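Enquirer: My structure is in start-v3.cif, and what it holds is mmCIF, C-alpha atoms:
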```cif
data_input
#
loop_
_atom_site.label_atom_id
_atom_site.label_comp_id
_atom_site.auth_asym_id
_atom_site.auth_seq_id
_atom_site.Cartn_x
_atom_site.Cartn_y
_atom_site.Cartn_z
CA MET A 1 2.25 10.99 -7.19
CA SER A 2 4.58 9.49 -9.78
CA LYS A 3 7.42 7.29 -8.64
CA GLY A 4 10.95 8.51 -8.88
CA PHE A 5 14.00 6.75 -10.24
CA THR A 6 17.64 7.47 -10.88
CA LEU A 7 18.88 7.86 -14.43
CA TRP A 8 22.60 7.31 -14.25
CA PHE A 9 24.68 8.21 -17.28
CA THR A 10 28.19 6.90 -17.56
CA GLY A 11 30.82 7.36 -20.24
CA MET A 12 33.94 9.29 -21.08
CA SER A 13 34.31 13.03 -21.27
CA GLY A 14 32.67 14.35 -24.43
CA ALA A 15 30.50 11.28 -25.02
CA GLY A 16 27.33 13.36 -24.72
CA LYS A 17 26.13 12.60 -21.18
CA SER A 18 25.26 16.17 -20.18
CA THR A 19 23.65 17.04 -23.52
CA LEU A 20 21.36 14.04 -23.33
CA ALA A 21 20.72 14.53 -19.58
CA ASN A 22 19.47 18.06 -20.17
CA LEU A 23 17.33 17.12 -23.18
CA VAL A 24 15.68 14.27 -21.29
CA ALA A 25 15.20 16.45 -18.18
CA GLU A 26 13.32 19.05 -20.21
CA GLU A 27 11.07 16.45 -21.82
CA LEU A 28 10.30 14.70 -18.52
CA ARG A 29 9.39 17.99 -16.86
CA ALA A 30 6.99 18.61 -19.74
CA ARG A 31 5.48 15.20 -19.02
CA GLY A 32 4.80 16.17 -15.41
CA HIS A 33 7.79 14.65 -13.64
CA ARG A 34 9.87 16.37 -10.99
CA VAL A 35 13.42 16.27 -12.32
CA GLU A 36 16.77 17.21 -10.84
CA VAL A 37 19.98 17.06 -12.88
CA LEU A 38 22.90 16.52 -10.54
CA ASP A 39 25.58 18.50 -12.25
CA GLY A 40 29.07 17.11 -11.68
CA ASP A 41 30.74 20.49 -11.23
CA GLU A 42 28.07 21.78 -8.86
CA ILE A 43 28.31 18.64 -6.76
CA ARG A 44 32.09 18.96 -6.60
CA THR A 45 31.61 22.50 -5.27
CA HIS A 46 28.86 21.75 -2.79
CA LEU A 47 29.57 18.23 -1.58
CA SER A 48 33.07 17.25 -2.57
CA LYS A 49 35.35 20.25 -2.31
CA GLY A 50 38.89 19.12 -1.62
CA LEU A 51 38.52 15.73 -3.26
CA GLY A 52 40.93 14.87 -6.05
CA PHE A 53 41.01 12.30 -8.83
CA SER A 54 42.47 9.20 -7.20
CA LYS A 55 40.24 6.13 -7.34
CA GLU A 56 39.34 6.64 -3.69
CA ASP A 57 38.39 10.29 -4.14
CA ARG A 58 36.47 9.65 -7.34
CA ASP A 59 34.59 6.83 -5.61
CA THR A 60 33.71 9.11 -2.70
CA ASN A 61 32.43 11.78 -5.08
CA ILE A 62 30.31 9.27 -7.00
CA ARG A 63 28.94 7.76 -3.77
CA ARG A 64 27.86 11.26 -2.66
CA ILE A 65 26.06 11.92 -5.93
CA GLY A 66 24.49 8.48 -5.58
CA TYR A 67 23.34 9.18 -2.03
CA VAL A 68 21.66 12.43 -3.05
CA ALA A 69 20.10 10.70 -6.08
CA LYS A 70 18.72 8.02 -3.78
CA LEU A 71 17.13 10.58 -1.43
CA LEU A 72 15.55 12.39 -4.38
CA SER A 73 14.37 9.33 -6.27
CA ARG A 74 12.76 7.69 -3.27
CA ASN A 75 10.74 10.89 -2.86
CA GLY A 76 9.26 10.80 -6.34
CA VAL A 77 11.92 12.79 -8.19
CA VAL A 78 13.71 11.71 -11.35
CA ALA A 79 17.35 12.20 -10.34
CA ILE A 80 19.75 12.39 -13.27
CA SER A 81 23.51 12.10 -12.93
CA ALA A 82 25.83 12.88 -15.80
CA ALA A 83 29.16 12.39 -14.05
CA ILE A 84 31.81 10.24 -15.78
CA SER A 85 31.70 7.62 -12.97
CA PRO A 86 34.51 5.49 -14.40
CA TYR A 87 34.49 2.59 -11.92
CA ARG A 88 32.10 -0.32 -12.33
CA ASP A 89 32.06 -1.51 -8.73
CA VAL A 90 30.79 1.81 -7.36
CA ARG A 91 28.09 2.10 -10.02
CA ASP A 92 26.95 -1.42 -9.16
CA GLU A 93 26.98 -0.54 -5.47
CA LEU A 94 24.66 2.40 -6.18
CA ARG A 95 22.37 0.17 -8.20
CA ARG A 96 22.03 -2.20 -5.24
CA GLU A 97 21.12 0.69 -2.94
CA HIS A 98 18.42 1.98 -5.27
CA GLU A 99 14.93 0.71 -5.76
CA ARG A 100 14.84 1.98 -9.35
CA PHE A 101 18.16 2.56 -11.09
CA PHE A 102 18.61 2.96 -14.83
CA GLU A 103 22.16 2.97 -16.12
CA CYS A 104 22.72 4.48 -19.55
CA TYR A 105 26.16 3.91 -21.04
CA MET A 106 27.28 6.44 -23.63
CA ASP A 107 29.69 4.31 -25.62
CA CYS A 108 32.20 6.10 -27.82
CA THR A 109 35.69 5.25 -29.02
CA ILE A 110 38.72 7.31 -28.05
CA GLU A 111 39.31 7.87 -31.78
CA LYS A 112 35.89 9.44 -32.21
CA LEU A 113 36.19 11.49 -29.01
CA SER A 114 39.61 12.74 -30.12
CA GLU A 115 38.18 13.71 -33.51
CA ARG A 116 35.42 15.82 -31.94
CA ASP A 117 37.43 17.08 -28.97
CA VAL A 118 35.25 20.14 -28.47
CA LYS A 119 37.22 21.31 -25.43
CA GLY A 120 40.64 20.30 -26.76
CA LEU A 121 41.09 17.99 -23.77
CA TYR A 122 41.89 14.81 -25.66
CA LYS A 123 44.71 16.45 -27.58
CA LYS A 124 46.27 17.54 -24.32
CA ALA A 125 45.63 14.23 -22.59
CA LEU A 126 47.11 12.23 -25.46
CA ALA A 127 50.15 14.50 -25.32
CA GLY A 128 50.51 13.56 -21.65
CA GLU A 129 49.61 17.01 -20.42
CA ILE A 130 46.64 15.98 -18.25
CA LYS A 131 47.11 13.60 -15.38
CA ASN A 132 44.25 11.27 -14.42
CA PHE A 133 42.34 11.75 -17.65
CA THR A 134 39.67 9.07 -17.85
CA GLY A 135 40.16 6.65 -20.73
CA ILE A 136 43.72 7.76 -21.40
CA SER A 137 45.83 8.13 -18.27
CA ASP A 138 43.13 6.81 -15.93
CA PRO A 139 40.83 3.77 -16.30
CA TYR A 140 37.31 3.73 -17.66
CA GLU A 141 35.39 0.52 -16.95
CA PRO A 142 32.34 0.10 -19.21
CA PRO A 143 29.23 -1.41 -17.64
CA THR A 144 28.50 -5.07 -18.24
CA HIS A 145 24.76 -4.86 -17.51
CA ALA A 146 23.62 -1.35 -18.38
CA GLU A 147 19.91 -0.91 -18.96
CA LEU A 148 20.81 0.86 -22.20
CA VAL A 149 23.93 1.25 -24.31
CA LEU A 150 23.99 4.13 -26.76
CA ASP A 151 26.58 4.22 -29.50
CA SER A 152 27.21 7.91 -29.34
CA GLY A 153 30.07 7.69 -31.79
CA LYS A 154 27.67 6.62 -34.55
CA GLU A 155 24.20 7.80 -33.55
CA SER A 156 23.00 11.38 -33.73
CA VAL A 157 21.92 13.03 -30.48
CA ASP A 158 18.33 12.82 -31.69
CA GLU A 159 18.57 9.07 -32.31
CA SER A 160 20.06 8.47 -28.85
CA TYR A 161 17.42 10.69 -27.27
CA LYS A 162 14.56 8.78 -28.90
CA LYS A 163 16.03 5.39 -27.98
CA LEU A 164 16.40 6.46 -24.36
CA LEU A 165 12.87 7.80 -24.04
CA ARG A 166 11.44 4.68 -25.69
CA LYS A 167 13.35 2.45 -23.29
CA LEU A 168 12.25 4.48 -20.23
CA GLU A 169 8.66 4.17 -21.40
CA GLU A 170 9.06 0.43 -21.97
CA VAL A 171 10.25 -0.20 -18.42
CA GLY A 172 7.40 1.96 -17.14
CA TYR A 173 9.53 4.60 -15.43
CA ILE A 174 8.10 7.61 -17.25
CA ASN A 175 4.74 8.97 -18.30
CA SER A 176 3.93 8.65 -21.99
CA ALA A 177 4.03 11.83 -24.08
CA GLY A 178 0.89 13.89 -23.68
CA GLY A 179 -0.18 11.88 -20.64
CA ALA A 180 0.37 14.40 -17.88
CA ARG A 181 0.94 17.51 -19.96
CA MET B 1 1.66 18.41 -6.19
CA SER B 2 2.26 19.99 -2.80
CA LYS B 3 5.13 22.43 -2.42
CA GLY B 4 8.15 21.47 -0.41
CA PHE B 5 9.96 23.42 2.24
CA THR B 6 12.84 22.98 4.64
CA LEU B 7 12.16 22.61 8.34
CA TRP B 8 15.43 23.45 10.04
CA PHE B 9 15.77 22.62 13.71
CA THR B 10 18.57 24.19 15.70
CA GLY B 11 19.52 23.88 19.33
CA MET B 12 21.93 22.17 21.65
CA SER B 13 22.44 18.45 22.07
CA GLY B 14 19.55 16.95 24.02
CA ALA B 15 17.14 19.83 23.38
CA GLY B 16 14.72 17.51 21.59
CA LYS B 17 15.40 18.28 17.91
CA SER B 18 15.41 14.67 16.67
CA THR B 19 12.43 13.61 18.77
CA LEU B 20 10.33 16.44 17.40
CA ALA B 21 11.67 15.98 13.85
CA ASN B 22 10.57 12.36 13.81
CA LEU B 23 7.15 13.07 15.33
CA VAL B 24 6.45 15.81 12.80
CA ALA B 25 7.75 13.67 9.93
CA GLU B 26 5.32 10.90 10.79
CA GLU B 27 2.38 13.28 11.00
CA LEU B 28 3.23 15.05 7.73
CA ARG B 29 3.51 11.74 5.90
CA ALA B 30 0.05 10.87 7.21
CA ARG B 31 -1.14 14.17 5.75
CA GLY B 32 0.15 13.24 2.31
CA HIS B 33 3.51 15.01 2.25
CA ARG B 34 6.75 13.51 1.03
CA VAL B 35 9.15 13.85 3.94
CA GLU B 36 12.85 13.21 4.36
CA VAL B 37 14.58 13.56 7.72
CA LEU B 38 18.24 14.37 7.14
CA ASP B 39 19.84 12.56 9.99
CA GLY B 40 23.04 14.21 11.21
CA ASP B 41 24.96 10.98 11.73
CA GLU B 42 23.94 9.54 8.37
CA ILE B 43 24.96 12.74 6.60
CA ARG B 44 28.33 12.71 8.37
CA THR B 45 28.85 9.17 7.05
CA HIS B 46 27.66 9.77 3.51
CA LEU B 47 28.60 13.35 2.75
CA SER B 48 31.06 14.58 5.33
CA LYS B 49 33.37 11.76 6.30
CA GLY B 50 36.70 13.17 7.48
CA LEU B 51 35.29 16.49 8.63
CA GLY B 52 35.90 17.46 12.25
CA PHE B 53 34.38 19.96 14.64
CA SER B 54 36.24 23.19 13.89
CA LYS B 55 34.00 26.09 12.85
CA GLU B 56 35.09 25.60 9.25
CA ASP B 57 34.33 21.88 9.22
CA ARG B 58 31.02 22.30 11.03
CA ASP B 59 30.05 24.99 8.53
CA THR B 60 30.93 22.74 5.62
CA ASN B 61 28.84 19.93 7.09
CA ILE B 62 25.86 22.23 7.63
CA ARG B 63 26.16 23.68 4.12
CA ARG B 64 26.05 20.16 2.70
CA ILE B 65 22.92 19.28 4.64
CA GLY B 66 21.48 22.61 3.49
CA TYR B 67 22.32 21.90 -0.14
CA VAL B 68 20.60 18.51 -0.05
CA ALA B 69 17.61 20.05 1.76
CA LYS B 70 17.37 22.67 -0.97
CA LEU B 71 17.36 20.05 -3.74
CA LEU B 72 14.67 18.06 -1.94
CA SER B 73 12.47 20.97 -0.95
CA ARG B 74 12.46 22.56 -4.40
CA ASN B 75 11.17 19.23 -5.68
CA GLY B 76 8.15 19.12 -3.42
CA VAL B 77 9.65 17.30 -0.46
CA VAL B 78 9.54 18.45 3.17
CA ALA B 79 13.22 18.25 4.12
CA ILE B 80 13.84 18.17 7.85
CA SER B 81 17.23 18.76 9.43
CA ALA B 82 17.85 18.08 13.10
CA ALA B 83 21.56 18.86 13.23
CA ILE B 84 22.81 21.17 16.00
CA SER B 85 23.94 23.83 13.48
CA PRO B 86 25.49 26.13 16.08
CA TYR B 87 26.49 29.08 13.87
CA ARG B 88 23.99 31.79 12.98
CA ASP B 89 25.67 33.05 9.80
CA VAL B 90 25.52 29.69 8.05
CA ARG B 91 21.89 29.12 9.02
CA ASP B 92 21.07 32.57 7.64
CA GLU B 93 22.99 31.78 4.47
CA LEU B 94 20.86 28.66 3.98
CA ARG B 95 17.72 30.66 4.54
CA ARG B 96 18.72 33.06 1.76
CA GLU B 97 19.30 30.16 -0.64
CA HIS B 98 15.90 28.63 0.06
CA GLU B 99 12.54 29.61 -1.29
CA ARG B 100 10.76 28.27 1.80
CA PHE B 101 12.80 27.90 4.98
CA PHE B 102 11.35 27.45 8.45
CA GLU B 103 13.79 27.68 11.36
CA CYS B 104 12.65 26.16 14.63
CA TYR B 105 14.84 26.94 17.63
CA MET B 106 14.69 24.45 20.49
CA ASP B 107 15.62 26.70 23.37
CA CYS B 108 16.83 25.05 26.56
CA THR B 109 19.18 26.13 29.34
CA ILE B 110 22.43 24.32 30.04
CA GLU B 111 21.11 23.72 33.59
CA LYS B 112 18.06 21.87 32.26
CA LEU B 113 20.08 19.95 29.69
CA SER B 114 22.55 18.91 32.41
CA GLU B 115 19.71 17.76 34.62
CA ARG B 116 18.26 15.50 31.94
CA ASP B 117 21.58 14.45 30.37
CA VAL B 118 20.19 11.24 28.90
CA LYS B 119 23.49 10.29 27.28
CA GLY B 120 25.71 11.51 30.12
CA LEU B 121 27.41 13.93 27.73
CA TYR B 122 26.92 17.12 29.73
CA LYS B 123 28.52 15.66 32.81
CA LYS B 124 31.59 14.75 30.78
CA ALA B 125 31.63 18.06 28.89
CA LEU B 126 31.34 20.10 32.09
CA ALA B 127 34.21 18.06 33.53
CA GLY B 128 36.27 19.10 30.50
CA GLU B 129 36.38 15.61 29.06
CA ILE B 130 34.82 16.47 25.68
CA LYS B 131 36.46 18.96 23.38
CA ASN B 132 34.31 21.08 21.06
CA PHE B 133 31.09 20.39 22.92
CA THR B 134 28.49 22.87 21.71
CA GLY B 135 27.29 25.25 24.42
CA ILE B 136 30.11 24.40 26.80
CA SER B 137 33.52 24.26 25.15
CA ASP B 138 32.26 25.42 21.73
CA PRO B 139 29.85 28.27 20.86
CA TYR B 140 26.14 28.03 20.27
CA GLU B 141 24.59 31.08 18.64
CA PRO B 142 20.81 31.23 19.07
CA PRO B 143 18.78 32.53 16.12
CA THR B 144 17.58 36.13 16.20
CA HIS B 145 14.74 35.66 13.71
CA ALA B 146 13.59 32.05 13.97
CA GLU B 147 10.12 31.32 12.62
CA LEU B 148 9.42 29.55 15.90
CA VAL B 149 11.09 29.34 19.30
CA LEU B 150 10.12 26.42 21.51
CA ASP B 151 11.00 26.48 25.17
CA SER B 152 11.91 22.84 25.41
CA GLY B 153 13.12 23.22 28.98
CA LYS B 154 9.59 24.04 30.14
CA GLU B 155 7.20 22.65 27.55
CA SER B 156 6.34 18.98 27.17
CA VAL B 157 7.15 17.32 23.86
CA ASP B 158 3.44 17.23 23.10
CA GLU B 159 3.04 20.97 23.68
CA SER B 160 6.02 21.75 21.44
CA TYR B 161 4.70 19.37 18.80
CA LYS B 162 1.28 21.04 18.72
CA LYS B 163 2.73 24.54 18.59
CA LEU B 164 4.95 23.59 15.68
CA LEU B 165 2.16 21.98 13.67
CA ARG B 166 -0.13 24.95 14.30
CA LYS B 167 2.55 27.38 13.14
CA LEU B 168 3.29 25.34 10.00
CA GLU B 169 -0.43 25.35 9.19
CA GLU B 170 -0.65 29.10 9.82
CA VAL B 171 2.11 29.89 7.33
CA GLY B 172 0.45 27.54 4.84
CA TYR B 173 3.35 25.12 4.48
CA ILE B 174 1.42 21.96 5.40
CA ASN B 175 -1.90 20.34 4.65
CA SER B 176 -4.47 20.52 7.44
CA ALA B 177 -5.17 17.33 9.37
CA GLY B 178 -7.52 15.02 7.51
CA GLY B 179 -7.07 17.02 4.30
CA ALA B 180 -5.01 14.59 2.25
CA ARG B 181 -5.34 11.51 4.41
#
```
Do you think you could lay out the structure here as structure tokens?
Expert:
Amino acid sequence: MSKGFTLWFTGMSGAGKSTLANLVAEELRARGHRVEVLDGDEIRTHLSKGLGFSKEDRDTNIRRIGYVAKLLSRNGVVAISAAISPYRDVRDELRREHERFFECYMDCTIEKLSERDVKGLYKKALAGEIKNFTGISDPYEPPTHAELVLDSGKESVDESYKKLLRKLEEVGYINSAGGAR
Amino acid sequence: MSKGFTLWFTGMSGAGKSTLANLVAEELRARGHRVEVLDGDEIRTHLSKGLGFSKEDRDTNIRRIGYVAKLLSRNGVVAISAAISPYRDVRDELRREHERFFECYMDCTIEKLSERDVKGLYKKALAGEIKNFTGISDPYEPPTHAELVLDSGKESVDESYKKLLRKLEEVGYINSAGGAR
């Protein structure tokens, strides 16, 4: 039985966390891993209904995702979270509670995110129309010791994807391609 | 990889759910299964802080345990819940959402539970000192289609334990003894 771990993405809205999470999940399943992507919206529905976007409520939501990730990963599953998780102290708390925790920071400037702005959220947030928008009207605290930092403003999705897989292989968390296919 | 399932105990406080859950967990681990016991108190702390004991809050708590059990069991883990889970409709809802769900009802009369009363809770509840006490000042709805009913007022723990293991083997949810040791 392969060992589980938690792959924890962090970064601002639109930085590419979910895209990369789903690509990696598909590849790891093909390599014989059990994988569960903990979708932020689904978790809000099932575990955190009623919570808002204050620091306290965000922390509670992130701790709940972290708790579920811990249960999964200690039972051999690769648990992947793609929630924004803006606060450093809670991410570090989760790391301490995990046996195997891999933090992947999707770094991207506000300028670049505003340029892309697929959902039109940055335009609204910069116009002051969205309260508690991470990185604009609410804090985002980048990690200081992430296992991997991806410059998603400059790199293509494919480049980021390859870097991440290579790094996960290096630390011995995942099967090599072809190994368990 | 062995398939997971959810083993859902239900029954009143003191009926022996946790005792049996932990005994079975130990045995299934020895047979090569991944097992996670979802402890009611731990879940209240991690996923349901702030919830009370109204029907709505109890339902929310049970749905959260059920959601986590579903994530675990669909990834090959035997997820065991030993929460009271007094309401039939929510238990049936969880069953519908699961691929493999095994409900084990620990049946026991109030008279028997009051006799034992290890924690002294029944005495207090019968004296009206505990609000929302399941089976006395709050409803308990027994299952109508449980996979197994154990008469924990009459049977010894060992008898219940053997019946449960035999039934789980019969339905093909667990490895036979010695198989994967």
Enquirer: Any chance you could resolve the PyMOL selection byres ((chain B) within 8 of (chain A)) against this file and give the residues as a list in words?
Expert: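 Applying the expression gives Met1, Arg34, Val35, Glu36, His46, Leu47, Ser48, Arg63, Arg64, Tyr67, Val68, Leu71, Leu72, Asn75 and Val77 of chain B.
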Enquirer: Using atom CA of B:Ile110 and atom CA of B:Lys123 as the two end points, give the distance in Å to one decimal.
Expert: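 Between atom CA of B:Ile110 and atom CA of B:Lys123 the gap is 10.9 Å.
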Enquirer: Hey, which of A:Leu150, A:Leu168, A:Val24, A:Leu113 ends up closest to A:Ala125? Count all atoms listed in the file.
Expert: A:Leu113
Enquirer: List the neighbours of B:Asp158 out to 12 Å using only C-alpha atoms; skip same-chain residues closer than 3 positions along the sequence, and give me the result as a list in words.
Expert: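 So, after excluding close chain neighbours, the residues are Gly16, Thr19, Leu20, Leu23, Val24, Leu150, Ser152, Lys154, Glu155, Tyr161, Lys162, Lys163, Leu164 and Leu165 of chain B.
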Enquirer: Which is closest to A:Ala79 among A:His145, A:Arg166, A:Lys3, A:Arg116, if we use all atoms listed in the file?
Expert: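 Comparing A:His145, A:Arg166, A:Lys3, A:Arg116 against A:Ala79, the winner is A:Lys3.
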Enquirer: Atom CA of B:Ala146 and atom CA of B:Trp8, how far apart in Å?
Expert: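 According to the coordinates, atom CA of B:Trp8 and atom CA of B:Ala146 are separated by 9.6 Å.
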Enquirer: Which distance in Å separates atom CA of A:Gly50 and atom CA of B:Thr10, to one decimal?
Expert: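 That distance, rounded to one decimal, is 27.2 Å.
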Enquirer: Do you know which residues are at most 9 Å from B:Ser18 counting all atoms listed in the file, after dropping those on the same chain fewer than 5 positions away, and could you put them as a PyMOL selection string?
Expert: chain B and resi 9+23+39+81-83
Enquirer: Using the chain letters and numbering of this document, enumerate as a list in words the residues selected by the PyMOL selection byres ((chain B and resi 108) around 7).
Expert: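 For this structure, the PyMOL selection byres ((chain B and resi 108) around 7) resolves to Ala15, Met106, Asp107, Thr109, Ile110, Lys112, Leu113, Asp151, Ser152 and Gly153 of chain B.
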Enquirer: Within 8 Å of A:Glu97, counting all atoms listed in the file, which residues show up once you throw out same-chain ones fewer than 3 positions away? Write them as a CSV table (one decimal) with C-alpha atoms, in the frame of the given file, please.
Expert:
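And here's around.csv as it stands now:
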```csv
chain,number,residue,atom,x,y,z
A,70,LYS,CA,18.7,8.0,-3.8
A,93,GLU,CA,27.0,-0.5,-5.5
A,94,LEU,CA,24.7,2.4,-6.2
```
Enquirer: Using all atoms of stretch 46-52 of chain A that appear in the file, construct an axis-aligned enclosing box with 4 Å of padding on every side and provide its centre coordinates and edge lengths in Å, rounded to one decimal, as lines of an AutoDock Vina configuration file.
Expert:
```
center_x = 34.9
center_y = 18.3
center_z = -3.8
size_x = 20.1
size_y = 14.9
size_z = 12.5
```
Enquirer: Just give me the residues with any atom within 7 Å of (32.4, 23.2, 28.1), file coordinates, counting all atoms listed in the file, written as a PyMOL selection string.
Expert: chain B and resi 125-126+128+133+135-138
